[in-house]
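Structure data follow from my_file38.pdb (PDB, C-alpha atoms):
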ATOM      1  CA  MET X   1     -29.622 -16.767  29.252
ATOM      2  CA  SER X   2     -28.024 -15.228  26.196
ATOM      3  CA  ASP X   3     -27.762 -16.618  22.688
ATOM      4  CA  PHE X   4     -23.994 -16.303  22.387
ATOM      5  CA  GLN X   5     -22.588 -17.947  19.263
ATOM      6  CA  VAL X   6     -19.075 -18.032  17.924
ATOM      7  CA  ASN X   7     -18.743 -17.479  14.200
ATOM      8  CA  PRO X   8     -16.810 -20.244  12.459
ATOM      9  CA  ARG X   9     -13.487 -19.293  10.971
ATOM     10  CA  VAL X  10     -13.921 -18.699   7.270
ATOM     11  CA  LYS X  11     -10.350 -19.106   6.072
ATOM     12  CA  SER X  12      -7.782 -21.274   7.763
ATOM     13  CA  GLU X  13      -4.117 -20.555   7.243
ATOM     14  CA  GLN X  14      -1.587 -23.230   6.515
ATOM     15  CA  SER X  15       0.409 -24.447   9.483
ATOM     16  CA  GLY X  16       3.733 -23.557   7.857
ATOM     17  CA  ALA X  17       2.722 -19.919   7.404
ATOM     18  CA  VAL X  18       1.613 -19.627  11.013
ATOM     19  CA  PHE X  19       4.790 -21.320  12.275
ATOM     20  CA  GLY X  20       6.979 -19.073  10.128
ATOM     21  CA  ARG X  21       5.258 -15.925  11.364
ATOM     22  CA  VAL X  22       5.602 -17.021  14.999
ATOM     23  CA  LEU X  23       9.268 -17.906  14.478
ATOM     24  CA  VAL X  24      10.025 -14.531  12.872
ATOM     25  CA  ALA X  25       8.184 -12.761  15.706
ATOM     26  CA  PHE X  26      10.248 -14.652  18.294
ATOM     27  CA  VAL X  27      13.519 -13.805  16.535
ATOM     28  CA  LEU X  28      12.509 -10.130  16.345
ATOM     29  CA  PHE X  29      11.627 -10.171  20.044
ATOM     30  CA  VAL X  30      14.978 -11.634  21.100
ATOM     31  CA  ALA X  31      16.903  -9.403  18.679
ATOM     32  CA  GLY X  32      15.059  -6.382  20.089
ATOM     33  CA  PHE X  33      16.272  -7.230  23.589
ATOM     34  CA  ALA X  34      19.796  -7.664  22.239
ATOM     35  CA  LEU X  35      19.644  -4.266  20.519
ATOM     36  CA  ILE X  36      18.378  -2.609  23.687
ATOM     37  CA  GLY X  37      21.211  -4.193  25.649
ATOM     38  CA  VAL X  38      23.866  -3.139  23.168
ATOM     39  CA  GLY X  39      22.375   0.340  22.909
ATOM     40  CA  SER X  40      22.377   0.864  26.659
ATOM     41  CA  SER X  41      25.926  -0.414  27.191
ATOM     42  CA  GLY X  42      27.499   2.941  26.333
ATOM     43  CA  GLY X  43      30.106   1.722  23.852
ATOM     44  CA  ASN X  44      29.477   4.187  21.030
ATOM     45  CA  PRO X  45      27.686   7.396  22.102
ATOM     46  CA  THR X  46      26.652   8.345  18.561
ATOM     47  CA  LEU X  47      25.163   4.962  17.612
ATOM     48  CA  ASP X  48      23.706   3.821  20.958
ATOM     49  CA  PRO X  49      20.450   5.834  20.849
ATOM     50  CA  TYR X  50      19.640   4.434  17.412
ATOM     51  CA  LEU X  51      20.289   0.866  18.562
ATOM     52  CA  PHE X  52      18.118   1.370  21.626
ATOM     53  CA  VAL X  53      15.211   2.806  19.625
ATOM     54  CA  GLY X  54      15.678   0.084  17.006
ATOM     55  CA  GLY X  55      15.342  -2.500  19.761
ATOM     56  CA  ILE X  56      12.099  -0.953  20.957
ATOM     57  CA  LEU X  57      10.770  -0.911  17.394
ATOM     58  CA  ALA X  58      11.800  -4.543  16.839
ATOM     59  CA  ILE X  59       9.952  -5.644  19.983
ATOM     60  CA  GLY X  60       6.892  -3.653  18.928
ATOM     61  CA  LEU X  61       6.985  -5.288  15.505
ATOM     62  CA  ALA X  62       7.336  -8.697  17.136
ATOM     63  CA  PHE X  63       4.093  -8.106  19.011
ATOM     64  CA  GLY X  64       2.312  -6.699  15.958
ATOM     65  CA  LEU X  65       3.411  -9.297  13.410
ATOM     66  CA  PRO X  66       1.132 -12.112  14.642
ATOM     67  CA  MET X  67      -1.821  -9.730  14.357
ATOM     68  CA  VAL X  68      -1.477  -9.461  10.581
ATOM     69  CA  GLY X  69      -4.706 -10.496   8.950
ATOM     70  CA  GLY X  70      -6.654 -10.409  12.184
ATOM     71  CA  TYR X  71      -9.861  -8.456  12.464
ATOM     72  CA  GLU X  72     -12.634  -7.951  14.937
ATOM     73  CA  ARG X  73     -15.907  -9.636  14.141
TER
END
Since I need it in another form, could you write the structure as structure tokens?
Amino acid sequence: MSDFQVNPRVKSEQSGAVFGRVLVAFVLFVAGFALIGVGSSGGNPTLDPYLFVGGILAIGLAFGLPMVGGYER
């Protein structure tokens, strides 16, 4: 058998900060899908590529935002 131990968490974040970060990540995720949809609709050919790429960036940020402050032990 192995001696696997989990290190205790040194610093705990406040619940409000965690909730706020999750809420902002969710809003960015949904807004990213909206931007992708608007960008792929074909309404304005000069602005659509920027909206589409902005949607991809917003979704990427939504996945990366909860990782802030995380590290590998």
Please report the interatomic distance between atom CA of Gly32 of chain X and atom CA of Ser15 of chain X in Å with one decimal.
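Interatomic distance here is 25.6 Å.
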**Nearest-residue call for Val38 of chain X, choices X:Phe19, X:Phe63, X:Phe4, X:Phe52, using all atoms listed in the file** =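 Among the listed residues, the smallest separation from Val38 of chain X belongs to X:Phe52.
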As JSON, please: the centre and edge lengths in Å, to one decimal, of an axis-aligned box enclosing every listed atom of segment 51-56 of chain X with 5 Å added on each side.
{"center_x": 16.2, "center_y": 0.2, "center_z": 19.3, "size_x": 18.2, "size_y": 15.3, "size_z": 14.6}
Review point. In Å, how far is it from atom CA of Pro45 of chain X to atom CA of Ile59 of chain X?
Key: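 Distance between the two atoms: 22.1 Å.
Distances to Val24 of chain X were evaluated for X:Leu47, X:Ala62, X:Met67, X:Leu57 using only C-alpha atoms, and the minimum falls at X:Ala62.
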re atom CA of Gly37 of chain X and atom CA of Gly60 of chain X: distance 15.8 Å
>> the PyMOL selection byres ((chain X and resi 40) around 12) - which residues does that actually catch in the file I just gave you? List them as a PyMOL selection string.
In response: chain X and resi 33-39+41-56
So what does the PyMOL selection byres ((chain X and resi 21) around 12) actually pick up in this one, as a compact mmCIF listing (two decimals) with C-alpha atoms, in the coordinates of the input?
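File produced: out-v2.txt:
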# COMPACT_ATOMS: atom_id res chain seq x y z
CA GLU X 13 -4.12 -20.56 7.24
CA GLN X 14 -1.59 -23.23 6.52
CA SER X 15 0.41 -24.45 9.48
CA GLY X 16 3.73 -23.56 7.86
CA ALA X 17 2.72 -19.92 7.40
CA VAL X 18 1.61 -19.63 11.01
CA PHE X 19 4.79 -21.32 12.28
CA GLY X 20 6.98 -19.07 10.13
CA VAL X 22 5.60 -17.02 15.00
CA LEU X 23 9.27 -17.91 14.48
CA VAL X 24 10.02 -14.53 12.87
CA ALA X 25 8.18 -12.76 15.71
CA PHE X 26 10.25 -14.65 18.29
CA VAL X 27 13.52 -13.80 16.54
CA LEU X 28 12.51 -10.13 16.34
CA LEU X 61 6.98 -5.29 15.50
CA ALA X 62 7.34 -8.70 17.14
CA PHE X 63 4.09 -8.11 19.01
CA GLY X 64 2.31 -6.70 15.96
CA LEU X 65 3.41 -9.30 13.41
CA PRO X 66 1.13 -12.11 14.64
CA MET X 67 -1.82 -9.73 14.36
CA VAL X 68 -1.48 -9.46 10.58
CA GLY X 69 -4.71 -10.50 8.95
For segment 18-39 of chain X, write N, CA, C and O atoms out as a PDB file, in the first residue's frame.
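The resulting file, result14.pdb, is reproduced below:
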ATOM      1  N   VAL X  18     -15.802  33.437  -3.788  1.00  0.00           N
ATOM      2  CA  VAL X  18     -15.929  32.266  -4.651  1.00  0.00           C
ATOM      3  C   VAL X  18     -17.226  32.347  -5.458  1.00  0.00           C
ATOM      4  O   VAL X  18     -17.240  32.093  -6.669  1.00  0.00           O
ATOM      5  N   PHE X  19     -18.322  32.716  -4.808  1.00  0.00           N
ATOM      6  CA  PHE X  19     -19.602  32.842  -5.502  1.00  0.00           C
ATOM      7  C   PHE X  19     -19.541  33.911  -6.582  1.00  0.00           C
ATOM      8  O   PHE X  19     -20.051  33.723  -7.692  1.00  0.00           O
ATOM      9  N   GLY X  20     -18.922  35.044  -6.277  1.00  0.00           N
ATOM     10  CA  GLY X  20     -18.803  36.116  -7.258  1.00  0.00           C
ATOM     11  C   GLY X  20     -17.989  35.697  -8.469  1.00  0.00           C
ATOM     12  O   GLY X  20     -18.348  36.007  -9.607  1.00  0.00           O
ATOM     13  N   ARG X  21     -16.887  34.984  -8.230  1.00  0.00           N
ATOM     14  CA  ARG X  21     -16.056  34.530  -9.339  1.00  0.00           C
ATOM     15  C   ARG X  21     -16.795  33.514 -10.213  1.00  0.00           C
ATOM     16  O   ARG X  21     -16.709  33.550 -11.433  1.00  0.00           O
ATOM     17  N   VAL X  22     -17.554  32.619  -9.589  1.00  0.00           N
ATOM     18  CA  VAL X  22     -18.326  31.638 -10.348  1.00  0.00           C
ATOM     19  C   VAL X  22     -19.432  32.331 -11.140  1.00  0.00           C
ATOM     20  O   VAL X  22     -19.695  31.986 -12.301  1.00  0.00           O
ATOM     21  N   LEU X  23     -20.082  33.316 -10.541  1.00  0.00           N
ATOM     22  CA  LEU X  23     -21.146  34.042 -11.224  1.00  0.00           C
ATOM     23  C   LEU X  23     -20.603  34.812 -12.430  1.00  0.00           C
ATOM     24  O   LEU X  23     -21.197  34.779 -13.518  1.00  0.00           O
ATOM     25  N   VAL X  24     -19.468  35.470 -12.268  1.00  0.00           N
ATOM     26  CA  VAL X  24     -18.858  36.203 -13.376  1.00  0.00           C
ATOM     27  C   VAL X  24     -18.433  35.239 -14.477  1.00  0.00           C
ATOM     28  O   VAL X  24     -18.615  35.518 -15.669  1.00  0.00           O
ATOM     29  N   ALA X  25     -17.905  34.072 -14.097  1.00  0.00           N
ATOM     30  CA  ALA X  25     -17.514  33.076 -15.100  1.00  0.00           C
ATOM     31  C   ALA X  25     -18.729  32.581 -15.872  1.00  0.00           C
ATOM     32  O   ALA X  25     -18.668  32.396 -17.096  1.00  0.00           O
ATOM     33  N   PHE X  26     -19.852  32.372 -15.190  1.00  0.00           N
ATOM     34  CA  PHE X  26     -21.064  31.915 -15.869  1.00  0.00           C
ATOM     35  C   PHE X  26     -21.584  32.970 -16.836  1.00  0.00           C
ATOM     36  O   PHE X  26     -21.976  32.663 -17.960  1.00  0.00           O
ATOM     37  N   VAL X  27     -21.570  34.226 -16.409  1.00  0.00           N
ATOM     38  CA  VAL X  27     -22.037  35.317 -17.281  1.00  0.00           C
ATOM     39  C   VAL X  27     -21.131  35.430 -18.502  1.00  0.00           C
ATOM     40  O   VAL X  27     -21.613  35.610 -19.631  1.00  0.00           O
ATOM     41  N   LEU X  28     -19.816  35.315 -18.309  1.00  0.00           N
ATOM     42  CA  LEU X  28     -18.897  35.359 -19.449  1.00  0.00           C
ATOM     43  C   LEU X  28     -19.141  34.195 -20.405  1.00  0.00           C
ATOM     44  O   LEU X  28     -19.078  34.351 -21.621  1.00  0.00           O
ATOM     45  N   PHE X  29     -19.433  33.031 -19.862  1.00  0.00           N
ATOM     46  CA  PHE X  29     -19.689  31.849 -20.681  1.00  0.00           C
ATOM     47  C   PHE X  29     -20.926  32.050 -21.553  1.00  0.00           C
ATOM     48  O   PHE X  29     -20.900  31.821 -22.763  1.00  0.00           O
ATOM     49  N   VAL X  30     -22.006  32.505 -20.948  1.00  0.00           N
ATOM     50  CA  VAL X  30     -23.253  32.720 -21.693  1.00  0.00           C
ATOM     51  C   VAL X  30     -23.089  33.874 -22.691  1.00  0.00           C
ATOM     52  O   VAL X  30     -23.555  33.790 -23.838  1.00  0.00           O
ATOM     53  N   ALA X  31     -22.418  34.937 -22.282  1.00  0.00           N
ATOM     54  CA  ALA X  31     -22.189  36.065 -23.184  1.00  0.00           C
ATOM     55  C   ALA X  31     -21.297  35.655 -24.354  1.00  0.00           C
ATOM     56  O   ALA X  31     -21.477  36.150 -25.482  1.00  0.00           O
ATOM     57  N   GLY X  32     -20.352  34.749 -24.106  1.00  0.00           N
ATOM     58  CA  GLY X  32     -19.506  34.250 -25.191  1.00  0.00           C
ATOM     59  C   GLY X  32     -20.315  33.510 -26.234  1.00  0.00           C
ATOM     60  O   GLY X  32     -20.099  33.673 -27.444  1.00  0.00           O
ATOM     61  N   PHE X  33     -21.273  32.680 -25.784  1.00  0.00           N
ATOM     62  CA  PHE X  33     -22.143  31.996 -26.744  1.00  0.00           C
ATOM     63  C   PHE X  33     -23.001  32.996 -27.518  1.00  0.00           C
ATOM     64  O   PHE X  33     -23.224  32.832 -28.722  1.00  0.00           O
ATOM     65  N   ALA X  34     -23.471  34.025 -26.833  1.00  0.00           N
ATOM     66  CA  ALA X  34     -24.271  35.047 -27.508  1.00  0.00           C
ATOM     67  C   ALA X  34     -23.434  35.779 -28.559  1.00  0.00           C
ATOM     68  O   ALA X  34     -23.904  36.038 -29.673  1.00  0.00           O
ATOM     69  N   LEU X  35     -22.197  36.105 -28.223  1.00  0.00           N
ATOM     70  CA  LEU X  35     -21.323  36.786 -29.186  1.00  0.00           C
ATOM     71  C   LEU X  35     -21.011  35.899 -30.383  1.00  0.00           C
ATOM     72  O   LEU X  35     -20.960  36.375 -31.525  1.00  0.00           O
ATOM     73  N   ILE X  36     -20.800  34.619 -30.148  1.00  0.00           N
ATOM     74  CA  ILE X  36     -20.556  33.702 -31.257  1.00  0.00           C
ATOM     75  C   ILE X  36     -21.785  33.627 -32.155  1.00  0.00           C
ATOM     76  O   ILE X  36     -21.676  33.622 -33.388  1.00  0.00           O
ATOM     77  N   GLY X  37     -22.956  33.575 -31.546  1.00  0.00           N
ATOM     78  CA  GLY X  37     -24.187  33.527 -32.341  1.00  0.00           C
ATOM     79  C   GLY X  37     -24.403  34.771 -33.159  1.00  0.00           C
ATOM     80  O   GLY X  37     -24.772  34.710 -34.332  1.00  0.00           O
ATOM     81  N   VAL X  38     -24.179  35.926 -32.552  1.00  0.00           N
ATOM     82  CA  VAL X  38     -24.354  37.189 -33.280  1.00  0.00           C
ATOM     83  C   VAL X  38     -23.290  37.318 -34.368  1.00  0.00           C
ATOM     84  O   VAL X  38     -23.562  37.778 -35.476  1.00  0.00           O
ATOM     85  N   GLY X  39     -22.077  36.886 -34.057  1.00  0.00           N
ATOM     86  CA  GLY X  39     -20.997  36.987 -35.037  1.00  0.00           C
ATOM     87  C   GLY X  39     -21.162  36.057 -36.220  1.00  0.00           C
ATOM     88  O   GLY X  39     -20.658  36.331 -37.309  1.00  0.00           O
TER      89      GLY X  39
END
